[in-house]
Amino acid sequence: MSGLFAVQRLLLCGCLGLVLPSLVFGAVLISLEEAADAQVEVYSVTVDCTVTSRFAHTVITSKALNKANSSQEIFFEVELPKTAFITNFTMEIEGRVYVGAVKEKEKAKKQYETAVKAGQTAALVRASGRKMEKFAVSVNIAALNNVTFTLTHEELLQRKLGQYEILTRVKPKQRIQEFKIVTNIYEPQGISYVDVHSTFLSNELLPLVEKTVTDKKAHISFSPTLEQQRSCPDCEGSVIDGDFIVKYDVKREKGLGDIQVTNGYFVHYFAPPDLRRVPMNVVFVIDESGSMYGTKIKQTREAMLAIIQDLHEEDHFGIITFDDQLRVWKSTLQQATDQTVKDALEFAEKITSRGATDINGAVLKGVEMLRTARRDEILPQRSSDMIILLTDGMPNSGVSNPGQIHKNVREAIGGNMSLNCLGFGNNVEYSFLDVMSQQNKGFARRIFEDSDATLQLQGFYEEVSSPLLLEVDLKYPSHAVDFLTTNHFNQLFNGSEIIVAGRLMDNNMDNFLVEVFGVGHEDYQAQGQASVSDWGVMYPDEEYIFGDFTERLWAYLTIQQLLDKSKVGSPQEKDNITAKALEMSLLYNFVTPLTSMVVTKPETDDTPQVADKLTEEQRQKAERMGLTRARPVAYHPPSRPTYLVDGDPHFLIELPDREDALCFNINAKPGTIFTLVKDQMSGVLVNGQIIGDKAVPTDGQINTYFERFGIVHQTLGVNLEVSTQDISVLQDSNWVKLQWSGTASLKGPNMDLHVTKDRSLTVTLKNSVKFVILLHKVWKKHPYHRDYLGFYTLDSHLLSPSVHGLLGQFYHSIEFEVSNLRPGQSPEKPDATMLVKGHELNVTRGWQRDFRRDIKKGESIPCWFIHNNGTGLIDGEATDYIVSGLFSTL
């Protein structure tokens, strides 16, 4: 919402989302920005989570009062898990209830476009972090009136690593009159344990957590009073700041599992205890292409070292690394003995980044290794065959057509092994990997480029490293059930759970025979008569909460599975599956990727807002544009704009107030000198000379970098020349040299210099701007590259409004608008239209590097790239900034 950051009234935010590494039903963030004049009071926030046989129904309610004598705008935000479906949203204002309506996405899109044309901010949902999406709406409330916001969503909990987890993240920032988190868990199988803890519960607050657990029910609540919320006796702030976590699991018996029937629908939970692990045969296929350079390849290497050591002795494994060439650790799969693990660790230590990306060749090689090992009877007969592919990009070597790769891999695997794909970073073409996994008994996951990527990789492996059963079939009487969800599963992993649901053709359960078959360490077979539990007896005082939960659980699971199936198959099959998923989404009032919730506010009846369920592709597009970040590694927007030129040479203007950046390159002949900064009022001048690589590539395109800078402050009498060789300062008509080879400081009446050995020079001009120059050192015998310099401007606001130059012209402000996002030449770099300085430019979303914190790898910053030497963005042409000497003016 465009006005979200400028609003001067109270903001309510609730967040429910999945959090790694443990699967979470809901991560709830309650955040209230304190109103400057306290004219709007949020006096009630309640999060009510009811879990009924793994099906979670969550209601978030917030009440706010406008105490002013004029109307005020109030915002309501909720972050919910991307796997949850919004089912209801209402606003109650002056006794009137406004209800969101779920419609087919295409029909809602027309209303959305109408709102956009009318100048309204129409989208209610944006991607937010790894696993969440943000729902946000605002409404004007008349003087001395109140509003009640209510949002409901539903989700089927998944068991992961042996537990279900409910995480509530609370950050109110101020005290609330009625603040309550309530969780009720109803599990007819019986609850084996419930654990509650928090990052903020002190000894004084711990008794406020009420936990009551019986055999089949658990009640947890936390509701501190206003006084108990104080961060200290005399403070107005709230001590509630952190995570409130509930973990639980259910009791399990050997045999069929648990079957529950309510209102004509059944659900079957299957996760038998005490099964022996099936040996695993796995080929790790690791991308070593150039795009993996830096943090990604380092984290991959660290994860592989840990994963290899976690292999079981009965497992067999292989390792393939690839760029445009394949490197195979051993030609055949090896048993995980002490010696082979040691040898593999030595191989993994050498994983590095190199060339292009031949995914087709690498995966087919992994398939061949597993098929050969099977044919030669190297592998245990009862064992699981798996390929784990890790890549960060699209294929661009060998076979590069995605459809052809899908066909090649599908035919090679032939349904005889599983392929799990891990997409590293937000530039990976996740849909390509997702379809390839779906076609080959596996699943895809995104690995987010973050400081914990190593743990993400290890966590994924932990999920799949202990198969218990293969080819699991759950069978029910054909005459008794219809509309059955998926009942064949390729694998059951330790700590997970299989769920099947369906509709009963009648309520006669006398002949409801259930059979389960699977291949494990031994053949698994169980059959028996399903028994029906009496909910009224189990929960005599709670009947009202259950109602149609089994039907909605069935509908949720069916829609999710249909959405997955719609990614593969013929166009006709995809259309039929999509139509069925849409029909069910509308019938059950679920906001899915096929539907939208239209919210019409009282003051804008003709311009409704639209809440969508984002696809993974839409989330990635937003990340690539920098509109949402998945907690990027060590990147923190500066408090002031940053202006820099570094690399080949890349100019970057970072604008933290817009959470955005602009970038462009300047191409010219080596030896050319440009004016970067010129401020005639203060007498500041910075010129820079470029240098080319040692060798000219075959395409004739010379890479150039800055080799020397001349810095002048005429008023202060400062003259400074900085080169890759040394630093020269003019003092009393004599040039004094400083060397890069040592750390040194030089303080004068008008200028301070500080040299960090072989790294940086900081130039501080008295009562004026500060510059940082970085030294990029290259191996002296490198056949192509040379040492070069990077130039960074700090405190640019201290220069006059007339400052100019290639960088200087951006020091005070730059206004631009971006629209019409569309596919570019590269899938990870979309194009858009930019309106700037009266020009309409085609720009491309990309990344440039800021090397201040990490001189070797840098930190990637998303930016809009302006082509053709910045034409249309810079004043005039790049040639207008060329001068004859390092200290010459234009």
# chains A, B, ... in the order shown; residues from 1 in each chain; ligands from 1
$ select_by_dssp --residues "region 516-740 of chain A" --states "strand (DSSP E or B)" --output "PyMOL selection string"
chain A and resi 516-519+523-529+591+595-599+609-612+642-646+650-655+660-665+673-679+684-692+704-713+718-723+726-731+734-739
$ select_by_dssp --residues "region 653-848 of chain A" --states "helix (DSSP H, G or I)" --output "PDB file with N, CA, C and O atoms, in the first residue's frame"
ATOM      1  N   SER A 796      27.256  12.817   1.284  1.00  0.00           N
ATOM      2  CA  SER A 796      27.134  13.666   0.088  1.00  0.00           C
ATOM      3  C   SER A 796      26.208  14.851   0.325  1.00  0.00           C
ATOM      4  O   SER A 796      26.269  15.843  -0.414  1.00  0.00           O
ATOM      5  N   HIS A 797      25.360  14.779   1.357  1.00  0.00           N
ATOM      6  CA  HIS A 797      24.431  15.880   1.629  1.00  0.00           C
ATOM      7  C   HIS A 797      25.160  17.153   2.048  1.00  0.00           C
ATOM      8  O   HIS A 797      24.566  18.235   2.084  1.00  0.00           O
ATOM      9  N   LEU A 798      26.452  17.036   2.373  1.00  0.00           N
ATOM     10  CA  LEU A 798      27.214  18.204   2.791  1.00  0.00           C
ATOM     11  C   LEU A 798      27.698  19.043   1.609  1.00  0.00           C
ATOM     12  O   LEU A 798      28.260  20.122   1.805  1.00  0.00           O
ATOM     13  N   GLY A 808      27.888  12.911  -9.096  1.00  0.00           N
ATOM     14  CA  GLY A 808      27.439  14.060  -8.309  1.00  0.00           C
ATOM     15  C   GLY A 808      26.038  14.526  -8.625  1.00  0.00           C
ATOM     16  O   GLY A 808      25.336  15.048  -7.748  1.00  0.00           O
ATOM     17  N   GLN A 809      25.585  14.359  -9.885  1.00  0.00           N
ATOM     18  CA  GLN A 809      24.254  14.838 -10.253  1.00  0.00           C
ATOM     19  C   GLN A 809      23.142  14.111  -9.503  1.00  0.00           C
ATOM     20  O   GLN A 809      22.007  14.585  -9.455  1.00  0.00           O
ATOM     21  N   PHE A 810      23.441  12.956  -8.907  1.00  0.00           N
ATOM     22  CA  PHE A 810      22.420  12.181  -8.186  1.00  0.00           C
ATOM     23  C   PHE A 810      22.458  12.410  -6.675  1.00  0.00           C
ATOM     24  O   PHE A 810      21.672  11.807  -5.943  1.00  0.00           O
TER      25      PHE A 810
END
$ closest_residue --among "A:Pro477, A:Gly403, A:Gly805, A:Gly318" --to "Met304 (chain A)" --atoms "only C-alpha atoms"
A:Gly318
$ closest_residue --among "A:Ile286, A:Leu730, A:Val170, A:Met538" --to "Glu187 (chain A)" --atoms "only C-alpha atoms"
A:Met538
$ atom_distance --atom1 "CA of Val610 (chain A)" --atom2 "CA of Glu583 (chain A)"
19.2 Å
$ residues_around --residues "Leu562 (chain A)" --least-positions-apart "2" --cutoff "8 Å" --atoms "only C-alpha atoms" --output "short mmCIF file (atom, residue, chain, number, x, y, z; two decimals) with N, CA and C atoms, in the first residue's frame"
data_model
loop_
_atom_site.label_atom_id
_atom_site.label_comp_id
_atom_site.auth_asym_id
_atom_site.auth_seq_id
_atom_site.Cartn_x
_atom_site.Cartn_y
_atom_site.Cartn_z
N THR A 558 -7.61 -31.79 -1.36
CA THR A 558 -7.90 -32.04 -2.77
C THR A 558 -7.42 -30.89 -3.64
N ILE A 559 -7.69 -29.66 -3.23
CA ILE A 559 -7.27 -28.49 -4.02
C ILE A 559 -5.75 -28.42 -4.12
N GLN A 560 -5.07 -28.64 -2.99
CA GLN A 560 -3.61 -28.60 -3.02
C GLN A 560 -3.05 -29.63 -3.99
N ASP A 564 -0.96 -29.13 -7.65
CA ASP A 564 0.30 -29.78 -7.98
C ASP A 564 0.19 -30.55 -9.29
N LYS A 565 -0.91 -31.28 -9.47
CA LYS A 565 -1.09 -32.08 -10.69
C LYS A 565 -1.24 -31.20 -11.92
N SER A 566 -1.74 -29.98 -11.75
CA SER A 566 -1.95 -29.11 -12.89
C SER A 566 -0.65 -28.63 -13.52
N ILE A 577 -7.95 -30.27 -14.85
CA ILE A 577 -7.58 -30.28 -13.43
C ILE A 577 -7.74 -28.87 -12.84
N THR A 578 -7.32 -27.86 -13.60
CA THR A 578 -7.43 -26.48 -13.13
C THR A 578 -8.89 -26.09 -12.94
N LYS A 580 -11.39 -28.02 -12.20
CA LYS A 580 -11.91 -28.67 -10.99
C LYS A 580 -11.42 -27.96 -9.73
N ALA A 581 -10.14 -27.58 -9.72
CA ALA A 581 -9.60 -26.87 -8.55
C ALA A 581 -10.28 -25.52 -8.36
#
$ residues_around --residues "Asp473 (chain A)" --least-positions-apart "5" --cutoff "12 Å" --atoms "only C-alpha atoms" --output "NGL selection string"
:A and (256 or 270 or 486-492 or 498-500 or 514-519 or 524-527)
